[in-house]
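Below: one structure, written as structure tokens.
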Amino acid sequence: MWLEWLVAWSWSLDGLRDCIATGIQSVRDCDGSAVVTVACLLVMFVWYCYHVGREQPRPHVSVNSLLQGVDANGLQNGSAYCRSPECVRCMHHDGLNQKLYHNLQEYAKRYSWSGMGRIHKAIREQGRYLSSQPSIQKPEVFFLPDLPTTPYFSRDAQKHDVELLERNFQAILCEFETLYKAFSNCSLPQGWKVNSTPSGEWFTFDFVSQGVCVPRNCRKCPRTYRLLGSLRTCIGNNVFGNACISVLSPGTVITEHYGPTNIRIRCHLGLKTPSGCELVVGGEPQCWAEGRCLLFDDSFLHTVFHEGSAEDGPRVVFMVDLWHPNVAAAERQALDFIFAPGR
């Protein structure tokens, strides 16, 4: 019985009229300012939902053209500044960029969002992180938050790789000496690169350059190349990874500068370390020792100089980029994908 009554009432025009009249009267009874306030709040809520829905993250840079070649005028302390709007070092102050976030989304679709919280946060807030960093540490391209920060790291930070490098000191030194003999025959032997410095000469012989293997050079130093493959934490698959022999002639100064990121530790294995050579990171000086590794965070302001005489000969180190020990395995895999060369 009650169901029939309910159906009859629902379709009654009188009932509908009464419902509408009651609603209108309720609005009239309300205070006008209260109605306006509710309407404003509703509009603000709708705007907020729209804004959040369309908001894009603010990654700091793009990685499209990191590996593009440049002439000598585009070099600063050996780093490429090609002045291209697509180059990571040239465009990182320009507006919003969605490339890194797009790469992260693509990675998450293929694999998982699990463990990506810190990277997601970093990409969204790059502009804020980099602008608020103290002047002593200012990575130029990518800052990963919540990593322990210090200019120098102990050998235990990457103990396995440090010990492996030091055990192979003589093998690396032998291959370097064979390479270096070619300097007596010509001004710049094949495979070596000249880096820009305000004074002196700085040469590098690359095995891995910004995540790309240099096959011709690797073939000239097979033992050194095989050693790289045995390192557990070597960065070899993204644009922040490098491995080379670095040679500084007497009188050379590398001006103060910052590295591109804090996700790596730069490792120097001393091959030839004459007196008068010094590395200063974050205002703290250190000297190399032959056959020993020196680990530092090159996202700190750092400089290198060789004040020895010509008789002392060059300072030579084997340099390789290792993962920061507090970057998790899942994060390393994602960063390799996001910052893959040419992506």
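Naming scheme: A, B, ... for chains in displayed order of the structure tokens; residues 1 onward per chain; ligands 1 onward as shown.
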- [ ] Can you pull out every residue within 12 Å of Glu311 (chain A), counting only C-alpha atoms, but drop anything in the same chain fewer than 5 positions away, and send it as a ChimeraX atom specification?
- [x] /A:249-251,274-276
Item to check | Counting only C-alpha atoms, the residue of A:Ser196, A:Thr149, A:Gln286, A:Gln105 that sits nearest Ile136 (chain A) | outcome: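 Ranking A:Ser196, A:Thr149, A:Gln286, A:Gln105 by distance to Ile136 (chain A), first place goes to A:Thr149.
Using only C-alpha atoms, the protein and nucleic acid residues lying no more than 7 Å from region 320-332 of chain A, apart from those fewer than 6 places from it along its own chain, are Gly115, Met116, Leu147, Ala157, Gln158, Thr233, Cys234, Ile235, Gly241, Asn242, Ala243, Cys244, Ile263, Arg264, Ile265, Arg266, Cys267 and His268 of chain A.
The coordinates place CA of Phe203 (chain A) at 22.4 Å from CA of Arg226 (chain A).
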Once DSSP has gone over the backbone, tell me which residues of region 60-289 of chain A are in strand (DSSP E), as a compact mmCIF listing (two decimals) with N, CA, C and O atoms, in the first residue's frame.
# COMPACT_ATOMS: atom_id res chain seq x y z
N LEU A 75 83.05 25.21 -24.49
CA LEU A 75 83.53 24.43 -23.37
C LEU A 75 83.85 25.33 -22.20
O LEU A 75 84.39 26.42 -22.35
N GLN A 76 83.50 24.86 -21.00
CA GLN A 76 83.85 25.57 -19.79
C GLN A 76 84.23 24.53 -18.77
O GLN A 76 83.43 23.72 -18.34
N SER A 79 83.26 20.99 -19.70
CA SER A 79 81.85 20.62 -19.80
C SER A 79 81.22 21.30 -20.99
O SER A 79 81.56 22.43 -21.32
N ALA A 80 80.32 20.59 -21.65
CA ALA A 80 79.73 21.12 -22.88
C ALA A 80 78.67 22.17 -22.58
O ALA A 80 77.74 21.92 -21.83
N TYR A 152 83.45 15.00 0.94
CA TYR A 152 84.24 13.79 0.71
C TYR A 152 83.56 12.59 1.37
O TYR A 152 82.90 12.72 2.41
N PHE A 153 83.75 11.43 0.77
CA PHE A 153 83.21 10.19 1.31
C PHE A 153 84.36 9.26 1.71
O PHE A 153 85.44 9.29 1.11
N TRP A 192 92.38 11.34 -27.34
CA TRP A 192 92.49 12.30 -26.23
C TRP A 192 91.65 13.53 -26.53
O TRP A 192 91.48 13.92 -27.68
N LYS A 193 91.17 14.16 -25.47
CA LYS A 193 90.35 15.36 -25.60
C LYS A 193 90.96 16.49 -24.78
O LYS A 193 91.40 16.27 -23.64
N VAL A 194 91.00 17.68 -25.36
CA VAL A 194 91.48 18.85 -24.64
C VAL A 194 90.29 19.54 -23.97
O VAL A 194 89.26 19.75 -24.59
N ASN A 195 90.46 19.88 -22.70
CA ASN A 195 89.41 20.56 -21.94
C ASN A 195 89.83 21.99 -21.66
O ASN A 195 91.01 22.28 -21.45
N TRP A 202 94.71 20.49 -19.73
CA TRP A 202 93.95 19.39 -19.11
C TRP A 202 93.45 18.48 -20.22
O TRP A 202 92.67 18.88 -21.07
N PHE A 203 93.92 17.23 -20.19
CA PHE A 203 93.55 16.25 -21.19
C PHE A 203 92.78 15.11 -20.54
O PHE A 203 93.05 14.73 -19.40
N THR A 204 91.84 14.54 -21.28
CA THR A 204 91.13 13.35 -20.80
C THR A 204 91.07 12.30 -21.91
O THR A 204 90.98 12.63 -23.09
N PHE A 205 91.13 11.05 -21.49
CA PHE A 205 91.00 9.92 -22.40
C PHE A 205 89.77 9.14 -21.94
O PHE A 205 89.80 8.43 -20.93
N ASP A 206 88.66 9.29 -22.65
CA ASP A 206 87.38 8.78 -22.20
C ASP A 206 87.17 7.31 -22.56
O ASP A 206 87.42 6.89 -23.69
N PHE A 207 86.67 6.56 -21.57
CA PHE A 207 86.17 5.21 -21.81
C PHE A 207 84.64 5.23 -21.86
O PHE A 207 84.02 4.55 -22.68
N VAL A 208 84.05 6.00 -20.97
CA VAL A 208 82.61 6.25 -20.98
C VAL A 208 82.43 7.76 -20.85
O VAL A 208 82.98 8.39 -19.95
N SER A 209 81.69 8.36 -21.78
CA SER A 209 81.48 9.80 -21.77
C SER A 209 79.99 10.09 -21.70
O SER A 209 79.26 9.79 -22.65
N VAL A 212 77.88 7.08 -22.56
CA VAL A 212 78.13 6.43 -23.85
C VAL A 212 79.55 5.87 -23.88
O VAL A 212 80.52 6.60 -23.61
N CYS A 213 79.64 4.58 -24.18
CA CYS A 213 80.96 3.94 -24.29
C CYS A 213 81.70 4.48 -25.51
O CYS A 213 81.11 4.78 -26.54
N ALA A 243 83.83 7.73 -17.23
CA ALA A 243 85.04 7.05 -16.81
C ALA A 243 86.15 7.48 -17.76
O ALA A 243 85.97 7.41 -18.98
N CYS A 244 87.27 7.93 -17.22
CA CYS A 244 88.34 8.42 -18.09
C CYS A 244 89.65 8.47 -17.33
O CYS A 244 89.70 8.31 -16.10
N ILE A 245 90.72 8.68 -18.07
CA ILE A 245 92.01 9.04 -17.50
C ILE A 245 92.15 10.55 -17.64
O ILE A 245 91.97 11.09 -18.73
N SER A 246 92.43 11.22 -16.54
CA SER A 246 92.50 12.67 -16.52
C SER A 246 93.93 13.11 -16.24
O SER A 246 94.53 12.69 -15.24
N VAL A 247 94.46 13.96 -17.12
CA VAL A 247 95.87 14.39 -17.04
C VAL A 247 95.92 15.91 -16.91
O VAL A 247 95.38 16.62 -17.75
N LEU A 248 96.58 16.38 -15.85
CA LEU A 248 96.79 17.82 -15.63
C LEU A 248 98.26 18.13 -15.72
O LEU A 248 99.07 17.56 -14.97
N VAL A 253 95.11 25.11 -13.76
CA VAL A 253 94.09 25.41 -12.76
C VAL A 253 92.72 25.15 -13.40
O VAL A 253 92.43 25.66 -14.49
N ILE A 254 91.91 24.35 -12.75
CA ILE A 254 90.51 24.18 -13.15
C ILE A 254 89.69 25.05 -12.22
O ILE A 254 89.66 24.84 -11.01
N THR A 255 89.03 26.04 -12.77
CA THR A 255 88.31 27.00 -11.94
C THR A 255 87.16 26.34 -11.18
O THR A 255 86.67 25.28 -11.56
N GLU A 256 86.73 27.01 -10.12
CA GLU A 256 85.65 26.48 -9.29
C GLU A 256 84.38 26.27 -10.11
O GLU A 256 83.99 27.14 -10.88
N HIS A 257 83.76 25.14 -9.92
CA HIS A 257 82.51 24.84 -10.63
C HIS A 257 81.76 23.75 -9.89
O HIS A 257 82.28 23.13 -8.95
N ARG A 264 75.62 10.91 -7.62
CA ARG A 264 76.84 10.14 -7.89
C ARG A 264 77.95 10.55 -6.92
O ARG A 264 77.93 11.62 -6.31
N ILE A 265 78.94 9.67 -6.80
CA ILE A 265 80.20 9.96 -6.14
C ILE A 265 81.29 9.87 -7.20
O ILE A 265 81.35 8.87 -7.93
N ARG A 266 82.12 10.86 -7.27
CA ARG A 266 83.23 10.82 -8.23
C ARG A 266 84.44 10.20 -7.54
O ARG A 266 84.84 10.63 -6.45
N CYS A 267 84.99 9.18 -8.17
CA CYS A 267 86.13 8.45 -7.61
C CYS A 267 87.38 8.73 -8.44
O CYS A 267 87.36 8.56 -9.67
N HIS A 268 88.46 9.16 -7.79
CA HIS A 268 89.76 9.36 -8.43
C HIS A 268 90.74 8.34 -7.88
O HIS A 268 90.98 8.29 -6.67
N LEU A 269 91.28 7.52 -8.75
CA LEU A 269 92.38 6.63 -8.39
C LEU A 269 93.68 7.28 -8.83
O LEU A 269 93.89 7.51 -10.03
N GLY A 270 94.53 7.61 -7.87
CA GLY A 270 95.78 8.29 -8.21
C GLY A 270 96.73 7.40 -9.00
O GLY A 270 97.06 6.29 -8.56
N LEU A 271 97.14 7.85 -10.18
CA LEU A 271 98.13 7.12 -10.99
C LEU A 271 99.50 7.77 -10.90
O LEU A 271 100.51 7.10 -10.70
N LYS A 272 99.55 9.09 -11.04
CA LYS A 272 100.77 9.87 -10.85
C LYS A 272 100.38 11.13 -10.08
O LYS A 272 99.57 11.92 -10.56
N CYS A 277 99.97 19.36 -6.07
CA CYS A 277 98.65 19.13 -6.67
C CYS A 277 97.60 19.04 -5.57
O CYS A 277 97.84 18.41 -4.53
N GLU A 278 96.46 19.63 -5.80
CA GLU A 278 95.45 19.64 -4.75
C GLU A 278 94.05 19.69 -5.36
O GLU A 278 93.82 20.32 -6.39
N LEU A 279 93.14 19.02 -4.66
CA LEU A 279 91.71 19.07 -4.96
C LEU A 279 91.02 19.74 -3.79
O LEU A 279 91.25 19.36 -2.64
N VAL A 280 90.19 20.74 -4.07
CA VAL A 280 89.45 21.45 -3.01
C VAL A 280 87.96 21.29 -3.30
O VAL A 280 87.47 21.74 -4.33
N VAL A 281 87.25 20.64 -2.38
CA VAL A 281 85.81 20.40 -2.53
C VAL A 281 85.09 21.00 -1.32
O VAL A 281 85.41 20.66 -0.17
N GLU A 284 87.29 22.32 1.37
CA GLU A 284 88.18 21.39 2.08
C GLU A 284 89.22 20.82 1.11
O GLU A 284 88.85 20.15 0.14
N PRO A 285 90.51 21.06 1.35
CA PRO A 285 91.55 20.56 0.45
C PRO A 285 91.92 19.11 0.74
O PRO A 285 91.87 18.66 1.88
N GLN A 286 92.25 18.39 -0.32
CA GLN A 286 92.75 17.02 -0.20
C GLN A 286 93.81 16.82 -1.28
O GLN A 286 93.78 17.47 -2.32
Checklist entry - In Å, how far is it from CA of Pro134 (chain A) to CA of Lys121 (chain A)? => result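 Answer for the CA of Pro134 (chain A) to CA of Lys121 (chain A) separation: 19.5 Å.
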### Query
Which is closest to Phe143 (chain A) among A:Lys109, A:Arg155, A:Arg232, A:Arg124, if we use only C-alpha atoms?
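For Phe143 (chain A), the nearest of the given residues is A:Arg124.
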Identify all residues of region 121-203 of chain A in helix (DSSP H, G or I) (DSSP on the backbone) and supply them as an MDAnalysis selection string.
chainID A and resid 121:124 126:132 155:167 169:184
Take the residues just selected and output them with N, CA and C atoms as a compact mmCIF listing (two decimals), in the first residue's frame.
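After the write, out_35.txt holds the following:
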# COMPACT_ATOMS: atom_id res chain seq x y z
N LYS A 121 59.02 13.32 -6.34
CA LYS A 121 59.11 14.57 -5.58
C LYS A 121 60.23 15.46 -6.14
N ALA A 122 61.36 14.85 -6.45
CA ALA A 122 62.50 15.63 -6.96
C ALA A 122 62.18 16.30 -8.29
N ILE A 123 61.55 15.55 -9.20
CA ILE A 123 61.24 16.10 -10.52
C ILE A 123 60.24 17.24 -10.42
N ARG A 124 59.25 17.08 -9.55
CA ARG A 124 58.23 18.12 -9.42
C ARG A 124 58.80 19.40 -8.81
N GLN A 126 62.21 20.50 -8.73
CA GLN A 126 63.60 20.84 -9.05
C GLN A 126 63.90 22.33 -8.93
N GLY A 127 63.01 23.15 -9.45
CA GLY A 127 63.26 24.59 -9.39
C GLY A 127 63.44 25.08 -7.97
N ARG A 128 62.57 24.61 -7.06
CA ARG A 128 62.67 25.04 -5.67
C ARG A 128 63.92 24.50 -5.00
N TYR A 129 64.24 23.23 -5.24
CA TYR A 129 65.41 22.64 -4.62
C TYR A 129 66.68 23.37 -5.03
N LEU A 130 66.83 23.59 -6.33
CA LEU A 130 68.08 24.15 -6.83
C LEU A 130 68.23 25.62 -6.45
N SER A 131 67.12 26.35 -6.39
CA SER A 131 67.22 27.75 -6.02
C SER A 131 67.48 27.93 -4.54
N SER A 132 67.09 26.94 -3.73
CA SER A 132 67.26 27.07 -2.28
C SER A 132 68.52 26.39 -1.76
N ARG A 155 86.27 5.63 2.18
CA ARG A 155 86.47 4.50 1.27
C ARG A 155 85.38 3.46 1.44
N ASP A 156 84.80 3.37 2.64
CA ASP A 156 83.79 2.36 2.90
C ASP A 156 82.47 2.66 2.19
N ALA A 157 82.31 3.86 1.66
CA ALA A 157 81.06 4.21 0.98
C ALA A 157 80.80 3.26 -0.19
N GLN A 158 81.85 2.91 -0.90
CA GLN A 158 81.74 1.92 -1.99
C GLN A 158 82.97 1.01 -1.88
N LYS A 159 83.02 0.28 -0.80
CA LYS A 159 84.23 -0.48 -0.43
C LYS A 159 84.66 -1.47 -1.49
N HIS A 160 83.72 -2.24 -2.03
CA HIS A 160 84.07 -3.26 -3.02
C HIS A 160 84.77 -2.64 -4.22
N ASP A 161 84.19 -1.60 -4.77
CA ASP A 161 84.75 -1.00 -5.98
C ASP A 161 86.07 -0.29 -5.70
N VAL A 162 86.18 0.34 -4.54
CA VAL A 162 87.43 1.00 -4.18
C VAL A 162 88.56 -0.02 -4.09
N GLU A 163 88.31 -1.11 -3.41
CA GLU A 163 89.35 -2.14 -3.26
C GLU A 163 89.70 -2.77 -4.61
N LEU A 164 88.72 -2.97 -5.46
CA LEU A 164 88.97 -3.54 -6.78
C LEU A 164 89.83 -2.61 -7.63
N LEU A 165 89.52 -1.33 -7.59
CA LEU A 165 90.32 -0.35 -8.34
C LEU A 165 91.75 -0.31 -7.84
N GLU A 166 91.92 -0.31 -6.54
CA GLU A 166 93.27 -0.21 -5.98
C GLU A 166 94.09 -1.48 -6.25
N ARG A 167 93.44 -2.63 -6.28
CA ARG A 167 94.16 -3.87 -6.62
C ARG A 167 94.64 -3.86 -8.06
N PHE A 169 95.60 -1.13 -9.72
CA PHE A 169 96.33 0.11 -9.96
C PHE A 169 97.45 -0.06 -10.98
N GLN A 170 98.26 -1.07 -10.84
CA GLN A 170 99.40 -1.26 -11.75
C GLN A 170 98.95 -1.53 -13.18
N ALA A 171 97.89 -2.28 -13.36
CA ALA A 171 97.39 -2.57 -14.70
C ALA A 171 96.91 -1.29 -15.39
N ILE A 172 96.18 -0.47 -14.66
CA ILE A 172 95.70 0.79 -15.25
C ILE A 172 96.87 1.71 -15.55
N LEU A 173 97.82 1.80 -14.63
CA LEU A 173 98.99 2.66 -14.83
C LEU A 173 99.79 2.22 -16.05
N CYS A 174 99.95 0.92 -16.22
CA CYS A 174 100.71 0.40 -17.37
C CYS A 174 100.04 0.80 -18.68
N GLU A 175 98.72 0.66 -18.76
CA GLU A 175 98.03 1.02 -19.99
C GLU A 175 98.08 2.53 -20.22
N PHE A 176 98.03 3.32 -19.15
CA PHE A 176 98.17 4.77 -19.32
C PHE A 176 99.55 5.11 -19.88
N GLU A 177 100.60 4.53 -19.34
CA GLU A 177 101.95 4.86 -19.79
C GLU A 177 102.14 4.52 -21.26
N THR A 178 101.52 3.44 -21.70
CA THR A 178 101.58 3.10 -23.13
C THR A 178 100.88 4.16 -23.96
N LEU A 179 99.73 4.61 -23.50
CA LEU A 179 99.01 5.67 -24.21
C LEU A 179 99.81 6.97 -24.23
N TYR A 180 100.42 7.30 -23.12
CA TYR A 180 101.04 8.61 -22.96
C TYR A 180 102.30 8.76 -23.81
N LYS A 181 102.89 7.65 -24.19
CA LYS A 181 104.09 7.71 -25.06
C LYS A 181 103.77 8.37 -26.38
N ALA A 182 102.52 8.29 -26.81
CA ALA A 182 102.15 8.86 -28.10
C ALA A 182 102.22 10.38 -28.09
N PHE A 183 102.24 11.01 -26.91
CA PHE A 183 102.32 12.46 -26.84
C PHE A 183 103.65 12.98 -27.38
N SER A 184 104.67 12.15 -27.39
CA SER A 184 105.97 12.60 -27.90
C SER A 184 106.00 12.61 -29.42
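Between CA of Trp288 (chain A) and CA of Arg219 (chain A) lies a distance of 27.5 Å.
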